[in-house]
Structure formats: C-alpha cells, structure tokens
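Have a look at the structure below, then the notes.
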Amino acid sequence: MTTHDAPIGVFDSGLGGLSVLDAMRSRLPNESMVYIADSGYAPYGEKTDAFIRQRSKAIADWLVARGAKVLVVACNTATTHAIRHLRDTLSIPIVGVEPGIKPAALATVSGVVGVLATAATLRSERLKTLIAEHETQCRFVCQAGHGLVEQIEQGNLAGAVIDDLLTRYLAPMAQAEADTVILGSTHYALLAPSIRRLFGERFRLIETGPAIARRVETLLAEHGLAARADVTATGEIEYFSTAQSAHQREALVAVVSGLRASDMRPSVSYVEIAHAVTEPQH
Ligand code: DGL
C-alpha cells in the first residue's frame with residue numbers, strides 16, 4: 001500500500017465522531033478510513049485530564065500502527081486536552097475538533113450564544129481562551145451535557161430521557177435569549193433532530209463536522225496525501241470499538257445506518273487497547 005492509499009484514522013470516545021466521519025465521507029468519497037470508537041472507556045467528558053490524554057495517546061498509537069496517513073481527533077474533549085501531546089509525539093498530520101466559538105460569535109444576532117459541551121471541555125484552558133477571544137462580541141451561556149453521552153452510547157438518540165435532559169439544558173439558554181447553540185461535543189451533533197423536535201427553529205445549531213471535512217481535504221492536498229481515485233483507492237471504511245458489550249457495538253451500527261439512510265449494515269470489530277498510565281490520575 002502506498003501512502004496515498006493508506007487510510008485516514010479517525011477516533012472519538014465513542015459514537016459522536018460518526019457525525020464527523022459522515023461529513024468526511026461525503027466530501028472525500030475516495031478516501032479509505034479507519035474509525036475507532038473508544039466506547040469501552042466513554043464518556044471522556046467525565047474523566048480526569050490525565051486519563052483523557054492517556055486514552056487519546058493509546059488510540060492514536062493504535063491508528064498509526066494500522067498505517068493511518070492522517071489522524072482526525074473527532075472529539076472535542078480529546079482535542080482540548082490531548083492534541084498538543086499528540087502533535088508532540090506523532091509525526092503524521094493531525095486535525096482536531098473544537099467547539100465552534102468563532103462561527104457562533106459571527107452568527108448570533110441576539111448576542112447570546114449557548115455552549116453545550118462536556119464538563120472536561122468546559123474546564124479546558126483551550127475553551128476558556130477561545131471564549132475570552134470572543135467575549136467582547138457576545139455572551140456565552142455554558143452548560144455541561146451530563147448524562148447525554150451515556151444515553152447516546154446505548155443508541156438512544158431520542159426518547160423521554162433525552163428529551164428531559166435536553167429541555168433541562170437548553171430551556172435556560174432560550175430564556176437567556178440565546179439564538180445560537182454550539183453543539184460542543186461530536187456526540188451532541190447526533191441529537192440535532194431531537195433538539196429541532198423540542199425547540200423547532202428557536203436556535204441556530206453550530207456543529208463542526210463539515211468544516212473538519214474541508215480542513216482534512218486541504219491538509220491531504222498540502223501534504224500530497226490524497227487518495228488517487230483512478231488507481232487503487234477503495235473508499236472503504238472499517239469500524240472498530242473498544243466496547244465489550246455487543247449491545248453497544250450494535251448501537252454504532254445503528255447510528256451509521258441511520259446517518260447514511262442505507263440498508264448496508266457495517267460490521268464492527270471489537271478491539272482491546274490498553275493505555276500506559278504515564279501521569280497521576282487527578
Ligand atoms: N464526543 C466527545 C466530544 O466531542 C465527548 C463525549 C464524551 O464525553 O466521551 O467531546
């Protein structure tokens with residue numbers, strides 16, 4: 001396999017990155033990709049900074065060992081806590097995902113923006129810096145989405161529990177006059193239909209999947225790594241999960257099938273990936 005034909009490695013703490021993968025697949029149909037959901041260790045958003053870095057490094061190393069030519073960290077939580085460490089230790093190009101603070105600041109008319117992100121992303125220095133850079137333009141109402149990822153990992157993208165949590169988190173944003181809500185976890189992008197059902201067009205929803213797909217396309221061109229459609233590119237996507245539970249792996253299949261609206265059911269392989277404990281767990 002030449003470098004051109006090597007896959008793009010994509011990872012998330014679980015199913016959320018599938019929203020990014022879907023955007024990449026639409027934009028880059030010739031590229032082969034390997035997706036790994038670290039569902040056995042989700043949610044990252046409720047873990048320590050050190051744990052998030054160690055898991056991210058272990059998963060990234062696994063993707064590099066499988067020959068990934070580019071790494072996409074399709075997880076805001078892993079990006080805000082681990083991307084610097086990954087860039088320092090890996091030699092392939094890396095693209096991360098951050099909450100769309102700037103596009104939201106540009107889009108809001110009311111001057112109030114809701115930020116729904118994981119607890120770990122909200123406490124990260126990176127997010128604080130991004131918010132500080134735009135705070136003169138608008139006010140940000142931040143809310144941690146406790147409990148949402150656990151539901152999504154079980155395949156629940158709609159239903160009473162999700163509706164209750166979304167109402168609890170987003171109704172105060174509406175009351176604060178937010179007209180724009182940042183879906184600051186790739187998992188939450190999968191909840192856009194439920195948010196629309198509950199709140200109609202009350203909010204402009206900001207998610208970054210399409211922007212990441214464009215960034216990956218540019219990066220591939222810059223590094224001369226794009227797949228050559230006319231030669232051997234297959235556009236194949238392989239799915240892996242660290243979830244021991246068959247039910248959880250089945251949830252991945254259901255989300256992929258739902259996003260593609262196709263009858264093609266992907267197969268998901270279980271993989272065990274240990275992480276090195278290199279720093280204290282606090
Ligand atoms: N999908 C991840 C993100 O974008 C977070 C989910 C989790 O808490 O594991 O932030």
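Just so we're on the same page: first chain in the structure tokens is A, next is B, and so on; residues restart at 1 for each chain, and ligands are numbered from 1 in the order they show up.
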Near ligand 1, 10 Å: chain A residue rows, closest pairs, only C-alpha atoms and all ligand atoms, as JSON lines:
```
{"residue": "A:Phe11", "atom": "CA", "partner": "ligand 1", "partner_atom_place_in_ligand_line": "1 (N)", "distance": 9.3}
{"residue": "A:Asp12", "atom": "CA", "partner": "ligand 1", "partner_atom_place_in_ligand_line": "1 (N)", "distance": 5.7}
{"residue": "A:Ser13", "atom": "CA", "partner": "ligand 1", "partner_atom_place_in_ligand_line": "9 (O)", "distance": 4.7}
{"residue": "A:Gly14", "atom": "CA", "partner": "ligand 1", "partner_atom_place_in_ligand_line": "9 (O)", "distance": 6.4}
{"residue": "A:Leu15", "atom": "CA", "partner": "ligand 1", "partner_atom_place_in_ligand_line": "1 (N)", "distance": 7.1}
{"residue": "A:Gly16", "atom": "CA", "partner": "ligand 1", "partner_atom_place_in_ligand_line": "1 (N)", "distance": 4.6}
{"residue": "A:Gly17", "atom": "CA", "partner": "ligand 1", "partner_atom_place_in_ligand_line": "1 (N)", "distance": 6.1}
{"residue": "A:Leu18", "atom": "CA", "partner": "ligand 1", "partner_atom_place_in_ligand_line": "1 (N)", "distance": 9.2}
{"residue": "A:Ser19", "atom": "CA", "partner": "ligand 1", "partner_atom_place_in_ligand_line": "1 (N)", "distance": 9.5}
{"residue": "A:Val20", "atom": "CA", "partner": "ligand 1", "partner_atom_place_in_ligand_line": "4 (O)", "distance": 9.7}
{"residue": "A:Ala37", "atom": "CA", "partner": "ligand 1", "partner_atom_place_in_ligand_line": "1 (N)", "distance": 9.5}
{"residue": "A:Asp38", "atom": "CA", "partner": "ligand 1", "partner_atom_place_in_ligand_line": "9 (O)", "distance": 8.4}
{"residue": "A:Ser39", "atom": "CA", "partner": "ligand 1", "partner_atom_place_in_ligand_line": "9 (O)", "distance": 8.0}
{"residue": "A:Tyr41", "atom": "CA", "partner": "ligand 1", "partner_atom_place_in_ligand_line": "9 (O)", "distance": 7.9}
{"residue": "A:Ala42", "atom": "CA", "partner": "ligand 1", "partner_atom_place_in_ligand_line": "9 (O)", "distance": 4.6}
{"residue": "A:Pro43", "atom": "CA", "partner": "ligand 1", "partner_atom_place_in_ligand_line": "9 (O)", "distance": 3.2}
{"residue": "A:Tyr44", "atom": "CA", "partner": "ligand 1", "partner_atom_place_in_ligand_line": "9 (O)", "distance": 3.6}
{"residue": "A:Gly45", "atom": "CA", "partner": "ligand 1", "partner_atom_place_in_ligand_line": "8 (O)", "distance": 3.4}
{"residue": "A:Glu46", "atom": "CA", "partner": "ligand 1", "partner_atom_place_in_ligand_line": "8 (O)", "distance": 6.2}
{"residue": "A:Lys47", "atom": "CA", "partner": "ligand 1", "partner_atom_place_in_ligand_line": "8 (O)", "distance": 8.1}
{"residue": "A:Ile52", "atom": "CA", "partner": "ligand 1", "partner_atom_place_in_ligand_line": "9 (O)", "distance": 9.2}
{"residue": "A:Val73", "atom": "CA", "partner": "ligand 1", "partner_atom_place_in_ligand_line": "4 (O)", "distance": 8.9}
{"residue": "A:Ala74", "atom": "CA", "partner": "ligand 1", "partner_atom_place_in_ligand_line": "4 (O)", "distance": 6.5}
{"residue": "A:Cys75", "atom": "CA", "partner": "ligand 1", "partner_atom_place_in_ligand_line": "4 (O)", "distance": 3.5}
{"residue": "A:Asn76", "atom": "CA", "partner": "ligand 1", "partner_atom_place_in_ligand_line": "4 (O)", "distance": 3.8}
{"residue": "A:Thr77", "atom": "CA", "partner": "ligand 1", "partner_atom_place_in_ligand_line": "10 (O)", "distance": 3.9}
{"residue": "A:Ala78", "atom": "CA", "partner": "ligand 1", "partner_atom_place_in_ligand_line": "10 (O)", "distance": 6.7}
{"residue": "A:Thr79", "atom": "CA", "partner": "ligand 1", "partner_atom_place_in_ligand_line": "10 (O)", "distance": 8.1}
{"residue": "A:Thr80", "atom": "CA", "partner": "ligand 1", "partner_atom_place_in_ligand_line": "10 (O)", "distance": 8.6}
{"residue": "A:Gly96", "atom": "CA", "partner": "ligand 1", "partner_atom_place_in_ligand_line": "4 (O)", "distance": 9.9}
{"residue": "A:Val97", "atom": "CA", "partner": "ligand 1", "partner_atom_place_in_ligand_line": "4 (O)", "distance": 7.4}
{"residue": "A:Glu98", "atom": "CA", "partner": "ligand 1", "partner_atom_place_in_ligand_line": "4 (O)", "distance": 8.0}
{"residue": "A:Pro99", "atom": "CA", "partner": "ligand 1", "partner_atom_place_in_ligand_line": "4 (O)", "distance": 8.4}
{"residue": "A:Leu116", "atom": "CA", "partner": "ligand 1", "partner_atom_place_in_ligand_line": "10 (O)", "distance": 9.9}
{"residue": "A:Ala117", "atom": "CA", "partner": "ligand 1", "partner_atom_place_in_ligand_line": "10 (O)", "distance": 6.6}
{"residue": "A:Thr118", "atom": "CA", "partner": "ligand 1", "partner_atom_place_in_ligand_line": "8 (O)", "distance": 5.7}
{"residue": "A:Ala119", "atom": "CA", "partner": "ligand 1", "partner_atom_place_in_ligand_line": "8 (O)", "distance": 7.9}
{"residue": "A:Ala120", "atom": "CA", "partner": "ligand 1", "partner_atom_place_in_ligand_line": "8 (O)", "distance": 7.8}
{"residue": "A:Thr121", "atom": "CA", "partner": "ligand 1", "partner_atom_place_in_ligand_line": "10 (O)", "distance": 6.6}
{"residue": "A:Leu122", "atom": "CA", "partner": "ligand 1", "partner_atom_place_in_ligand_line": "10 (O)", "distance": 9.7}
{"residue": "A:Ala144", "atom": "CA", "partner": "ligand 1", "partner_atom_place_in_ligand_line": "8 (O)", "distance": 9.9}
{"residue": "A:Gly145", "atom": "CA", "partner": "ligand 1", "partner_atom_place_in_ligand_line": "8 (O)", "distance": 8.7}
{"residue": "A:His146", "atom": "CA", "partner": "ligand 1", "partner_atom_place_in_ligand_line": "8 (O)", "distance": 8.5}
{"residue": "A:Gly147", "atom": "CA", "partner": "ligand 1", "partner_atom_place_in_ligand_line": "8 (O)", "distance": 9.0}
{"residue": "A:Leu148", "atom": "CA", "partner": "ligand 1", "partner_atom_place_in_ligand_line": "8 (O)", "distance": 8.5}
{"residue": "A:Val149", "atom": "CA", "partner": "ligand 1", "partner_atom_place_in_ligand_line": "6 (C)", "distance": 5.7}
{"residue": "A:Glu150", "atom": "CA", "partner": "ligand 1", "partner_atom_place_in_ligand_line": "8 (O)", "distance": 8.2}
{"residue": "A:Ile152", "atom": "CA", "partner": "ligand 1", "partner_atom_place_in_ligand_line": "6 (C)", "distance": 9.4}
{"residue": "A:Glu153", "atom": "CA", "partner": "ligand 1", "partner_atom_place_in_ligand_line": "9 (O)", "distance": 9.1}
{"residue": "A:Leu183", "atom": "CA", "partner": "ligand 1", "partner_atom_place_in_ligand_line": "4 (O)", "distance": 8.8}
{"residue": "A:Gly184", "atom": "CA", "partner": "ligand 1", "partner_atom_place_in_ligand_line": "4 (O)", "distance": 6.4}
{"residue": "A:Ser185", "atom": "CA", "partner": "ligand 1", "partner_atom_place_in_ligand_line": "4 (O)", "distance": 3.3}
{"residue": "A:Thr186", "atom": "CA", "partner": "ligand 1", "partner_atom_place_in_ligand_line": "4 (O)", "distance": 3.9}
{"residue": "A:His187", "atom": "CA", "partner": "ligand 1", "partner_atom_place_in_ligand_line": "1 (N)", "distance": 4.6}
{"residue": "A:Tyr188", "atom": "CA", "partner": "ligand 1", "partner_atom_place_in_ligand_line": "1 (N)", "distance": 7.6}
{"residue": "A:Ala189", "atom": "CA", "partner": "ligand 1", "partner_atom_place_in_ligand_line": "4 (O)", "distance": 8.9}
```
For this session: DSSP on the backbone, then: every residue of region 53-147 of chain A marked strand (DSSP E), written as a ChimeraX atom specification.
Result: /A:70-73,94-96,112-117,139-144
Problem set entry | Spatial neighbours of Tyr239 (chain A), max dist 12 Å, only C-alpha atoms, sep filter under 5 positions, as a VMD selection string | chain A and resid 9 to 12 14 to 15 17 to 18 21 32 to 38 63 249 to 250 252 to 253 256 265 to 271
